[in-house]
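Enquirer: What follows is coords_12.csv; its format and atoms are CSV, C-alpha atoms.
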chain,number,residue,atom,x,y,z
A,1,MET,CA,110.9,65.1,39.5
A,2,LYS,CA,110.6,67.0,36.2
A,3,LYS,CA,113.3,69.4,37.2
A,4,SER,CA,115.6,66.5,38.1
A,5,LEU,CA,114.9,64.7,34.8
A,6,LEU,CA,115.6,68.0,32.9
A,7,ALA,CA,118.9,68.4,34.8
A,8,LEU,CA,119.9,64.9,34.1
A,9,ALA,CA,119.1,65.4,30.4
A,10,VAL,CA,121.2,68.6,30.2
A,11,LEU,CA,124.1,66.9,32.0
A,12,GLY,CA,123.8,63.9,29.6
A,13,ALA,CA,123.9,66.3,26.6
A,14,PHE,CA,127.1,67.9,27.9
A,15,ALA,CA,128.6,64.5,28.7
A,16,GLY,CA,127.8,63.3,25.2
A,17,ALA,CA,129.4,66.4,23.7
A,18,ALA,CA,132.5,66.0,25.8
A,19,SER,CA,132.7,62.3,24.8
A,20,ALA,CA,132.3,63.2,21.1
A,21,GLN,CA,135.3,65.5,21.4
A,22,THR,CA,137.6,63.0,23.0
A,23,ASN,CA,138.7,61.7,19.6
A,24,VAL,CA,139.8,65.2,18.4
A,25,THR,CA,143.5,66.0,19.0
A,26,ILE,CA,145.0,69.5,19.0
A,27,TYR,CA,148.7,69.4,18.3
A,28,GLY,CA,151.5,71.5,16.9
A,29,ILE,CA,155.1,72.4,16.6
A,30,ALA,CA,157.0,75.6,17.6
A,31,ASP,CA,160.3,75.8,15.8
A,32,VAL,CA,162.7,78.8,15.7
A,33,GLY,CA,166.4,79.3,15.2
A,34,ILE,CA,169.1,81.8,14.5
A,35,GLN,CA,170.4,81.4,11.0
A,36,ARG,CA,173.2,82.8,8.9
A,37,ILE,CA,172.9,82.7,5.1
A,38,ASP,CA,175.4,84.0,2.7
A,39,THR,CA,176.4,83.6,-1.0
A,40,SER,CA,179.6,84.2,-2.7
A,41,ALA,CA,178.0,87.3,-4.3
A,42,THR,CA,176.2,88.8,-1.3
A,43,GLU,CA,176.9,89.8,2.3
A,44,ALA,CA,175.9,87.4,5.1
A,45,ARG,CA,172.4,87.8,6.5
A,46,TRP,CA,171.7,86.9,10.1
A,47,GLY,CA,168.2,86.3,11.2
A,48,LEU,CA,165.7,84.6,13.5
A,49,ASP,CA,163.8,82.2,11.3
A,50,SER,CA,160.8,80.0,11.9
A,51,GLY,CA,160.5,76.3,11.0
A,52,ILE,CA,164.1,75.4,10.2
A,53,GLN,CA,163.9,71.8,11.3
A,54,SER,CA,160.1,71.4,11.1
A,55,GLY,CA,157.5,73.9,9.9
A,56,SER,CA,155.8,75.6,12.9
A,57,ARG,CA,152.2,74.6,12.9
A,58,LEU,CA,148.9,74.2,14.8
A,59,GLY,CA,146.7,71.3,13.8
A,60,PHE,CA,143.4,69.6,14.6
A,61,LYS,CA,142.8,65.9,13.7
A,62,GLY,CA,140.2,63.4,14.7
A,63,SER,CA,138.1,60.4,13.8
A,64,GLU,CA,134.6,59.1,14.4
A,65,ASP,CA,133.8,55.4,14.6
A,66,LEU,CA,131.1,54.7,12.1
A,67,GLY,CA,130.8,51.0,12.9
A,68,GLY,CA,131.8,47.9,11.0
A,69,GLY,CA,135.5,48.9,11.1
A,70,LEU,CA,134.8,52.2,9.2
A,71,SER,CA,135.9,55.6,10.5
A,72,ALA,CA,135.5,59.2,9.4
A,73,ILE,CA,138.8,61.1,9.6
A,74,PHE,CA,139.9,64.7,9.2
A,75,THR,CA,143.0,66.9,9.6
A,76,LEU,CA,143.2,70.7,9.5
A,77,GLU,CA,146.7,72.1,9.9
A,78,SER,CA,147.7,75.7,9.8
A,79,GLY,CA,151.3,76.9,9.4
A,80,TYR,CA,152.7,80.0,11.1
A,81,ASN,CA,155.9,81.9,11.4
A,82,ILE,CA,156.9,82.0,15.1
A,83,ASP,CA,159.4,84.8,14.5
A,84,THR,CA,156.8,87.2,13.3
A,85,GLY,CA,153.4,85.6,14.3
A,86,THR,CA,152.2,85.7,10.7
A,87,SER,CA,150.6,82.9,8.7
A,88,ALA,CA,152.8,80.7,6.5
A,89,GLN,CA,151.9,79.0,3.1
A,90,GLY,CA,151.0,82.4,1.6
A,91,GLY,CA,148.5,83.2,4.4
A,92,ARG,CA,146.2,80.2,3.9
A,93,LEU,CA,144.1,79.3,6.9
A,94,PHE,CA,145.0,75.6,6.7
A,95,GLY,CA,147.8,75.8,4.3
A,96,ARG,CA,149.7,72.8,5.5
A,97,GLN,CA,146.9,70.2,5.3
A,98,ALA,CA,143.2,70.2,5.0
A,99,PHE,CA,141.4,67.0,4.3
A,100,VAL,CA,138.5,64.7,5.3
A,101,GLY,CA,138.0,61.1,4.4
A,102,LEU,CA,137.2,57.5,5.4
A,103,SER,CA,139.4,54.7,6.7
A,104,GLY,CA,139.0,51.1,7.4
A,105,GLY,CA,140.3,47.6,6.5
A,106,PHE,CA,140.5,48.8,2.9
A,107,GLY,CA,143.0,51.5,3.7
A,108,ALA,CA,142.1,55.3,3.7
A,109,VAL,CA,140.7,57.6,1.1
A,110,LYS,CA,141.2,61.4,1.8
A,111,PHE,CA,139.9,64.4,0.0
A,112,GLY,CA,141.6,67.9,0.1
A,113,ARG,CA,145.0,69.6,0.3
A,114,GLN,CA,147.6,66.9,1.1
A,115,TYR,CA,151.3,66.0,1.0
A,116,THR,CA,152.6,64.6,-2.3
A,117,PRO,CA,153.7,60.9,-2.1
A,118,ILE,CA,157.1,61.8,-3.5
A,119,PHE,CA,157.6,64.4,-0.7
A,120,ILE,CA,156.8,61.7,1.9
A,121,ALA,CA,159.2,59.3,0.2
A,122,HIS,CA,162.0,61.9,0.3
A,123,ASP,CA,161.3,62.8,3.9
A,124,THR,CA,161.5,59.1,4.9
A,125,ILE,CA,164.9,58.5,3.3
A,126,ASP,CA,166.9,61.7,3.8
A,127,PRO,CA,168.9,61.7,7.0
A,128,PHE,CA,167.8,65.3,7.6
A,129,GLY,CA,164.2,64.6,6.6
A,130,THR,CA,163.3,67.7,4.6
A,131,GLY,CA,164.5,70.3,7.2
A,132,ILE,CA,167.5,71.6,9.2
A,133,VAL,CA,169.7,72.2,6.2
A,134,GLY,CA,169.0,74.7,3.4
A,135,ASP,CA,165.8,76.6,3.3
A,136,GLY,CA,163.5,74.4,1.1
A,137,SER,CA,164.8,76.0,-2.1
A,138,GLY,CA,167.9,73.9,-2.2
A,139,ILE,CA,168.3,70.1,-2.4
A,140,SER,CA,164.9,69.4,-1.0
A,141,ALA,CA,163.4,71.1,-4.1
A,142,VAL,CA,165.7,69.0,-6.3
A,143,PHE,CA,164.2,65.7,-5.3
A,144,ASN,CA,160.7,67.2,-5.3
A,145,PRO,CA,160.5,70.1,-7.8
A,146,TYR,CA,156.6,70.1,-7.6
A,147,GLY,CA,156.4,71.3,-4.0
A,148,ILE,CA,155.4,69.7,-0.8
A,149,ARG,CA,151.6,69.6,-1.2
A,150,MET,CA,148.8,69.1,-3.8
A,151,ASP,CA,145.5,70.9,-3.8
A,152,ASN,CA,142.2,69.4,-4.9
A,153,THR,CA,143.5,65.9,-4.2
A,154,ILE,CA,142.1,62.5,-3.8
A,155,ASN,CA,144.5,60.2,-2.0
A,156,TYR,CA,144.2,56.5,-1.4
A,157,SER,CA,146.7,54.8,0.9
A,158,LEU,CA,147.1,51.2,2.3
A,159,THR,CA,149.5,49.5,4.7
A,160,ALA,CA,149.7,45.7,4.7
A,161,GLY,CA,152.4,44.4,7.0
A,162,PRO,CA,155.8,45.7,5.9
A,163,ILE,CA,154.4,47.0,2.6
A,164,SER,CA,152.7,50.4,2.2
A,165,GLY,CA,151.6,52.5,-0.8
A,166,GLN,CA,149.5,55.4,-1.9
A,167,VAL,CA,148.1,57.0,-5.0
A,168,ALA,CA,147.2,60.7,-5.3
A,169,TYR,CA,145.2,62.5,-8.1
A,170,GLY,CA,145.1,66.3,-8.1
A,171,PHE,CA,142.4,67.9,-10.2
A,172,GLY,CA,143.7,70.8,-12.4
A,173,GLU,CA,140.3,72.4,-12.4
A,174,VAL,CA,140.9,74.2,-15.7
A,175,ALA,CA,137.7,74.8,-17.7
A,176,GLY,CA,137.7,72.9,-21.0
A,177,GLU,CA,140.6,70.7,-20.4
A,178,ASN,CA,140.7,67.9,-17.8
A,179,SER,CA,144.5,67.3,-18.1
A,180,ALA,CA,145.6,70.9,-17.7
A,181,GLY,CA,147.1,71.5,-14.3
A,182,ARG,CA,146.6,67.9,-13.3
A,183,GLN,CA,149.0,66.1,-11.0
A,184,ILE,CA,149.4,62.4,-10.3
A,185,GLY,CA,151.6,60.8,-7.7
A,186,ALA,CA,152.2,57.4,-6.3
A,187,SER,CA,154.6,55.6,-4.0
A,188,LEU,CA,155.4,52.1,-2.8
A,189,GLY,CA,157.4,51.3,0.3
A,190,TYR,CA,158.8,48.3,2.2
A,191,ALA,CA,159.9,48.6,5.9
A,192,ASN,CA,161.0,45.5,7.8
A,193,GLY,CA,163.8,45.1,10.4
A,194,PRO,CA,166.8,47.3,9.5
A,195,LEU,CA,165.7,47.9,5.8
A,196,THR,CA,163.5,50.6,4.5
A,197,VAL,CA,163.0,51.1,0.7
A,198,VAL,CA,160.6,53.6,-1.0
A,199,GLY,CA,159.9,54.3,-4.6
A,200,ALA,CA,157.8,57.2,-5.8
A,201,TYR,CA,156.7,58.9,-9.0
A,202,HIS,CA,155.1,62.2,-9.7
A,203,THR,CA,153.9,63.9,-12.9
A,204,ALA,CA,152.5,67.4,-13.4
A,205,ASN,CA,150.8,68.9,-16.4
A,206,SER,CA,151.0,72.5,-17.4
A,207,PRO,CA,148.0,74.6,-16.2
A,208,THR,CA,147.8,76.3,-19.6
A,209,VAL,CA,145.4,74.7,-22.1
A,210,GLY,CA,147.2,73.4,-25.1
A,211,SER,CA,150.7,73.7,-23.6
A,212,GLN,CA,152.9,70.6,-23.5
A,213,ALA,CA,155.1,71.9,-20.6
A,214,ASP,CA,154.7,68.8,-18.6
A,215,ALA,CA,157.2,67.3,-16.2
A,216,SER,CA,157.8,64.1,-14.2
A,217,THR,CA,160.2,62.7,-11.5
A,218,ALA,CA,160.9,59.1,-10.6
A,219,PHE,CA,162.5,58.6,-7.1
A,220,ILE,CA,163.9,55.6,-5.3
A,221,GLY,CA,165.7,55.5,-1.9
A,222,GLY,CA,166.6,53.3,1.0
A,223,VAL,CA,167.9,53.2,4.5
A,224,PHE,CA,169.7,50.4,6.3
A,225,ASP,CA,170.1,50.5,10.0
A,226,PHE,CA,173.3,48.9,11.4
A,227,ARG,CA,172.2,50.2,14.9
A,228,VAL,CA,175.4,52.1,15.4
A,229,VAL,CA,174.9,54.0,12.2
A,230,LYS,CA,172.3,54.3,9.4
A,231,LEU,CA,173.2,54.4,5.7
A,232,HIS,CA,170.9,56.5,3.5
A,233,GLY,CA,170.8,56.7,-0.3
A,234,ALA,CA,168.5,58.1,-3.0
A,235,PHE,CA,168.2,58.6,-6.7
A,236,ALA,CA,165.8,60.8,-8.8
A,237,ASP,CA,165.4,61.2,-12.5
A,238,ASN,CA,163.7,64.4,-13.7
A,239,ARG,CA,162.3,65.0,-17.2
A,240,GLY,CA,160.2,67.8,-18.6
A,241,ASP,CA,159.1,69.5,-21.8
A,242,ASN,CA,158.5,73.1,-22.8
A,243,ALA,CA,155.2,74.5,-24.2
A,244,VAL,CA,155.8,73.0,-27.6
A,245,GLY,CA,156.8,69.6,-26.4
A,246,THR,CA,160.6,70.0,-26.7
A,247,ARG,CA,162.7,68.5,-23.9
A,248,ALA,CA,163.7,71.2,-21.5
A,249,ILE,CA,164.4,69.3,-18.3
A,250,ARG,CA,166.7,66.2,-18.2
A,251,ASP,CA,168.7,65.8,-15.0
A,252,ARG,CA,169.4,63.3,-12.2
A,253,ASP,CA,170.0,63.7,-8.5
A,254,TYR,CA,171.9,61.4,-6.2
A,255,MET,CA,172.1,61.4,-2.4
A,256,LEU,CA,174.4,59.5,0.0
A,257,GLY,CA,174.1,60.1,3.8
A,258,VAL,CA,174.7,58.7,7.3
A,259,SER,CA,173.1,59.2,10.7
A,260,ALA,CA,174.1,57.9,14.0
A,261,PRO,CA,172.9,58.1,17.6
A,262,ILE,CA,175.3,59.7,20.2
A,263,GLY,CA,175.0,59.2,23.9
A,264,GLY,CA,171.3,58.3,23.9
A,265,ALA,CA,170.0,61.9,23.5
A,266,GLY,CA,171.9,63.0,20.4
A,267,ASN,CA,171.9,62.2,16.7
A,268,VAL,CA,174.4,63.3,14.1
A,269,MET,CA,173.7,63.5,10.4
A,270,ALA,CA,175.7,64.1,7.2
A,271,SER,CA,175.0,63.9,3.5
A,272,TRP,CA,176.3,64.6,0.0
A,273,THR,CA,173.8,65.4,-2.8
A,274,ARG,CA,174.7,65.8,-6.5
A,275,HIS,CA,172.5,67.5,-9.1
A,276,ASP,CA,173.6,66.3,-12.5
A,277,GLN,CA,172.4,68.2,-15.5
A,278,ARG,CA,172.2,65.9,-18.5
A,279,LEU,CA,170.4,68.0,-21.1
A,280,ALA,CA,172.5,68.8,-24.2
A,281,GLY,CA,173.4,72.5,-24.2
A,282,LEU,CA,173.0,73.0,-20.5
A,283,GLY,CA,176.5,71.8,-19.4
A,284,GLY,CA,177.9,73.6,-16.4
A,285,ALA,CA,174.6,73.6,-14.5
A,286,ASP,CA,175.6,70.9,-12.0
A,287,ALA,CA,175.7,71.4,-8.3
A,288,ASP,CA,176.8,69.6,-5.1
A,289,MET,CA,175.5,70.0,-1.6
A,290,TYR,CA,177.4,69.0,1.6
A,291,ALA,CA,175.6,69.0,4.9
A,292,ILE,CA,176.3,68.1,8.5
A,293,GLY,CA,173.9,68.5,11.5
A,294,TYR,CA,173.2,67.5,15.1
A,295,THR,CA,170.0,67.2,17.2
A,296,HIS,CA,169.9,66.8,20.9
A,297,ASN,CA,166.8,65.7,22.8
A,298,LEU,CA,166.1,67.6,26.0
A,299,SER,CA,162.9,65.6,26.5
A,300,LYS,CA,160.5,63.5,24.4
A,301,ARG,CA,159.0,66.7,22.9
A,302,THR,CA,161.8,69.3,23.0
A,303,ASN,CA,165.1,69.2,21.2
A,304,LEU,CA,168.0,71.5,20.1
A,305,TYR,CA,169.5,71.4,16.6
A,306,THR,CA,172.3,72.9,14.6
A,307,SER,CA,173.6,72.4,11.1
A,308,TYR,CA,175.9,73.6,8.4
A,309,SER,CA,175.3,73.2,4.7
A,310,THR,CA,176.7,74.5,1.5
A,311,ILE,CA,175.8,74.3,-2.2
A,312,ARG,CA,178.6,74.6,-4.7
A,313,ASN,CA,177.2,75.6,-8.0
A,314,ASP,CA,178.9,75.2,-11.4
A,315,GLY,CA,178.9,78.2,-13.8
A,316,SER,CA,175.3,77.9,-15.1
A,317,SER,CA,173.7,76.6,-11.9
A,318,THR,CA,171.5,78.7,-9.6
A,319,LEU,CA,170.5,75.9,-7.2
A,320,GLY,CA,169.4,77.3,-3.8
A,321,LEU,CA,170.4,80.9,-4.7
A,322,PRO,CA,168.0,83.8,-3.9
A,323,THR,CA,166.3,85.6,-6.7
A,324,GLY,CA,168.7,88.0,-8.4
A,325,VAL,CA,171.9,86.3,-7.6
A,326,ALA,CA,173.8,85.3,-10.7
A,327,ALA,CA,174.4,81.7,-11.7
A,328,GLY,CA,177.6,80.0,-10.6
A,329,ASN,CA,177.6,81.5,-7.1
A,330,ASP,CA,177.7,79.3,-4.0
A,331,ILE,CA,175.4,79.5,-0.9
A,332,ASN,CA,176.0,78.6,2.8
A,333,TRP,CA,173.7,78.1,5.7
A,334,VAL,CA,174.5,77.9,9.5
A,335,ASN,CA,171.8,77.6,12.1
A,336,VAL,CA,171.1,76.7,15.7
A,337,GLY,CA,167.6,76.4,17.1
A,338,ILE,CA,165.0,74.8,19.3
A,339,ARG,CA,161.9,72.7,18.4
A,340,HIS,CA,159.0,71.9,20.7
A,341,LYS,CA,156.2,69.5,19.9
A,342,PHE,CA,152.9,69.8,21.7
Any chance you could put this one into C-alpha cells?
Expert:
Amino acid sequence: MKKSLLALAVLGAFAGAASAQTNVTIYGIADVGIQRIDTSATEARWGLDSGIQSGSRLGFKGSEDLGGGLSAIFTLESGYNIDTGTSAQGGRLFGRQAFVGLSGGFGAVKFGRQYTPIFIAHDTIDPFGTGIVGDGSGISAVFNPYGIRMDNTINYSLTAGPISGQVAYGFGEVAGENSAGRQIGASLGYANGPLTVVGAYHTANSPTVGSQADASTAFIGGVFDFRVVKLHGAFADNRGDNAVGTRAIRDRDYMLGVSAPIGGAGNVMASWTRHDQRLAGLGGADADMYAIGYTHNLSKRTNLYTSYSTIRNDGSSTLGLPTGVAAGNDINWVNVGIRHKF
C-alpha cells in the first residue's frame, strides 16, 4: 500500500509539472532569402540573408493564472541569423524581447526589454510592415530613428473595444542624472471595421550628463480597407538638438501605400516614402523610396516573398547607404525568400 501511494504521489507530481507547462508556448520564425544590394557608387553584392521579411527568432512565452482575473506573463525571445547560425541583436541571449509582468482587467504591465510603441505603430500601418524592403537602415529607420526596442523599460498597455494604447518608460540608468539616456514612448490606436488609425510619440534624451542632444518624433498613420485594396498613409515629424541645445534635426517623413489580395493566397504591396529635410542649411538632404513586393502563402505558416526597392538620395543625403558610401548616391534592393512560422 505504501509503495502504491508513493507511486501515485510521484505520478501526481509529474502530472502537475506537465500541467504547469501547458501554458508555456515555444514559437519561432525561420526566414531566409537571396538578396542583391547595390549603390550607384559600389558593385552589386549578392548574398543569402536572414530575416528579410521577419527577423528569424526562437521564443518562449507563457502565463500563470493567479486568480481573480490576474495573470503573470512572460516572453523571452532570441534572434538568430539562419544563414550563419549566429546570434542576432549583437549576440544578446534574448535580444528581441525579454520581459515579465502582470495582466488583467486593468490591462498589462511589463518589465524588461520591449518594442517601442512607435515601432509597433509603424509596423501596423506600413503595407510592408517593417520588413521585406530595405535592410532596416532605410525608410524603417526614418519613421523610427530610435530603434526597434527599449531596454530597462516599464510598459503599460490597455485595449478597450476598438481603442488601444500603451505608455513606455525606459530608464537611462546613468549615475547622477535621472533624465540622461531616458526614453519615453506612447501610442493610441483605433481599429474598427475597415478603418485603423494609430498615433505615437517617442522622445529620447542624450546618455551624456549635461548634454542637451535630445530628440523626439511624432507619428500618425492610418489604413482603410476597401476589401479589394487597402490604402495606407503615414506622417512623422522629427526634431532634435545637439549637445548645446541648438536645433540639429528638423525633418518630416511621408508615406503613401497600397496593398491588395490576389487569388486568395497572394498579396501585393507598393509604397512611396518621402524624407523631407527642413532644417536651414541642410538643403539637398531629401530622399525618396519606392517599393513593390509580393507574398504568396503556401500554407498558414509558410510563405514565399519577393520585393524590389530603391532609395533616391539628393546630393547631401545618405539615407540607407552603407558606411563609407558618399552622400548623394542611390541604393537598390532585390530579394526573394521563404518564411516559415512555427
Enquirer: Which of these residues is nearest to A:Tyr308, using all atoms listed in the file: A:Thr273, A:His296, A:Gly59, A:Met289?
Expert: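 Comparing A:Thr273, A:His296, A:Gly59, A:Met289 against A:Tyr308, the winner is A:Met289.
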Enquirer: So, counting only C-alpha atoms, which residue among A:Phe128, A:Phe60, A:Tyr254, A:Tyr146 is closest to A:Gln97?
Expert: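 Checking each candidate against A:Gln97, we get A:Phe60 as the closest.
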Enquirer: When you count all atoms listed in the file, which of these residues is closest to A:Val258: A:Tyr190, A:Asp126, A:Gly240, A:His275?
Expert: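 Of the candidates, the smallest distance to A:Val258 is held by A:Asp126.
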Enquirer: So which one's closest to A:Ala160, A:Ile125, A:Ala191, A:Leu76, A:Leu231? Using only C-alpha atoms, please.
Expert: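 That would be A:Ala191, the residue with the smallest distance to A:Ala160.
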Enquirer: Would you please work out which residue, of A:Asn332, A:Asn23, A:Ser216, A:Thr159, is nearest to A:Leu188 when using all atoms listed in the file?
Expert: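 Once distances to A:Leu188 are computed over all atoms listed in the file, the minimum belongs to A:Thr159.
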Enquirer: Give as a VMD selection string each residue that has an atom at most 12 Å from (139.6, 72.8, -14.4) in the file, counting all atoms listed in the file.
Expert: chain A and resid 152 170 to 182 206 to 209
Enquirer: Would you list the contacts of stretch 31-34 of chain A as number ranges by chain, taking every protein, DNA or RNA residue within 6 Å and counting all atoms listed in the file, but skipping same-chain residues closer than 3 positions in sequence?
Expert: A: 47-51, 56, 335-339
Enquirer: Can you tell me which residues surround A:Phe74 at a distance of at most 9 Å, considering all atoms listed in the file, apart from same-chain residues fewer than 6 positions away, and format the answer as an mmCIF file with C-alpha atoms, in the frame of the given file?
Expert:
data_model
loop_
_atom_site.group_PDB
_atom_site.id
_atom_site.type_symbol
_atom_site.label_atom_id
_atom_site.label_comp_id
_atom_site.auth_asym_id
_atom_site.auth_seq_id
_atom_site.Cartn_x
_atom_site.Cartn_y
_atom_site.Cartn_z
ATOM 1 C CA PHE A 60 143.400 69.600 14.600
ATOM 2 C CA LYS A 61 142.800 65.900 13.700
ATOM 3 C CA GLY A 62 140.200 63.400 14.700
ATOM 4 C CA SER A 63 138.100 60.400 13.800
ATOM 5 C CA ALA A 98 143.200 70.200 5.000
ATOM 6 C CA PHE A 99 141.400 67.000 4.300
ATOM 7 C CA VAL A 100 138.500 64.700 5.300
ATOM 8 C CA GLY A 101 138.000 61.100 4.400
ATOM 9 C CA LEU A 102 137.200 57.500 5.400
ATOM 10 C CA LYS A 110 141.200 61.400 1.800
#
Enquirer: Tell me which protein, DNA and RNA residues are within 12 Å of stretch 147-151 of chain A, counting only C-alpha atoms, leaving out same-chain ones fewer than 2 positions away, and put them as a VMD selection string.
Expert: chain A and resid 55 89 94 to 99 110 to 123 130 136 to 138 140 to 145 153 to 155 168 to 173 181 to 185 202 to 204
Enquirer: Which is closest to A:Asp214 among A:Asp241, A:Asp330, A:Asp251, A:Asp65, if we use all atoms listed in the file?
Expert: A:Asp241
Enquirer: Any idea what the distance is between atom CA of A:Leu279 and atom CA of A:Gly129?
Expert: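 Calculated distance between atom CA of A:Leu279 and atom CA of A:Gly129 is 28.6 Å.
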Enquirer: So how far away is atom CA of A:Phe224 from atom CA of A:Arg274, in Å?
Expert: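 One can read the atom CA of A:Arg274 to atom CA of A:Phe224 distance as 20.6 Å.
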Enquirer: From (163.2, 47.8, 4.3), in the file's coordinates, out to 12 Å: which residues are reached, counting all atoms listed in the file? Answer as a list in words.
Expert: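 Collected hits near the coordinates: Thr124, Ile125, Gly161, Pro162, Ile163, Ser164, Leu188, Gly189, Tyr190, Ala191, Asn192, Gly193, Pro194, Leu195, Thr196, Val197, Val198, Gly199, Gly221, Gly222, Val223, Phe224, Asp225 and His232 of chain A.
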Enquirer: Measure the distance from atom CA of A:Ile311 to atom CA of A:Trp333 in Å and round it to one decimal.
Expert: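 If I compute the distance from atom CA of A:Ile311 to atom CA of A:Trp333, I get 9.0 Å.
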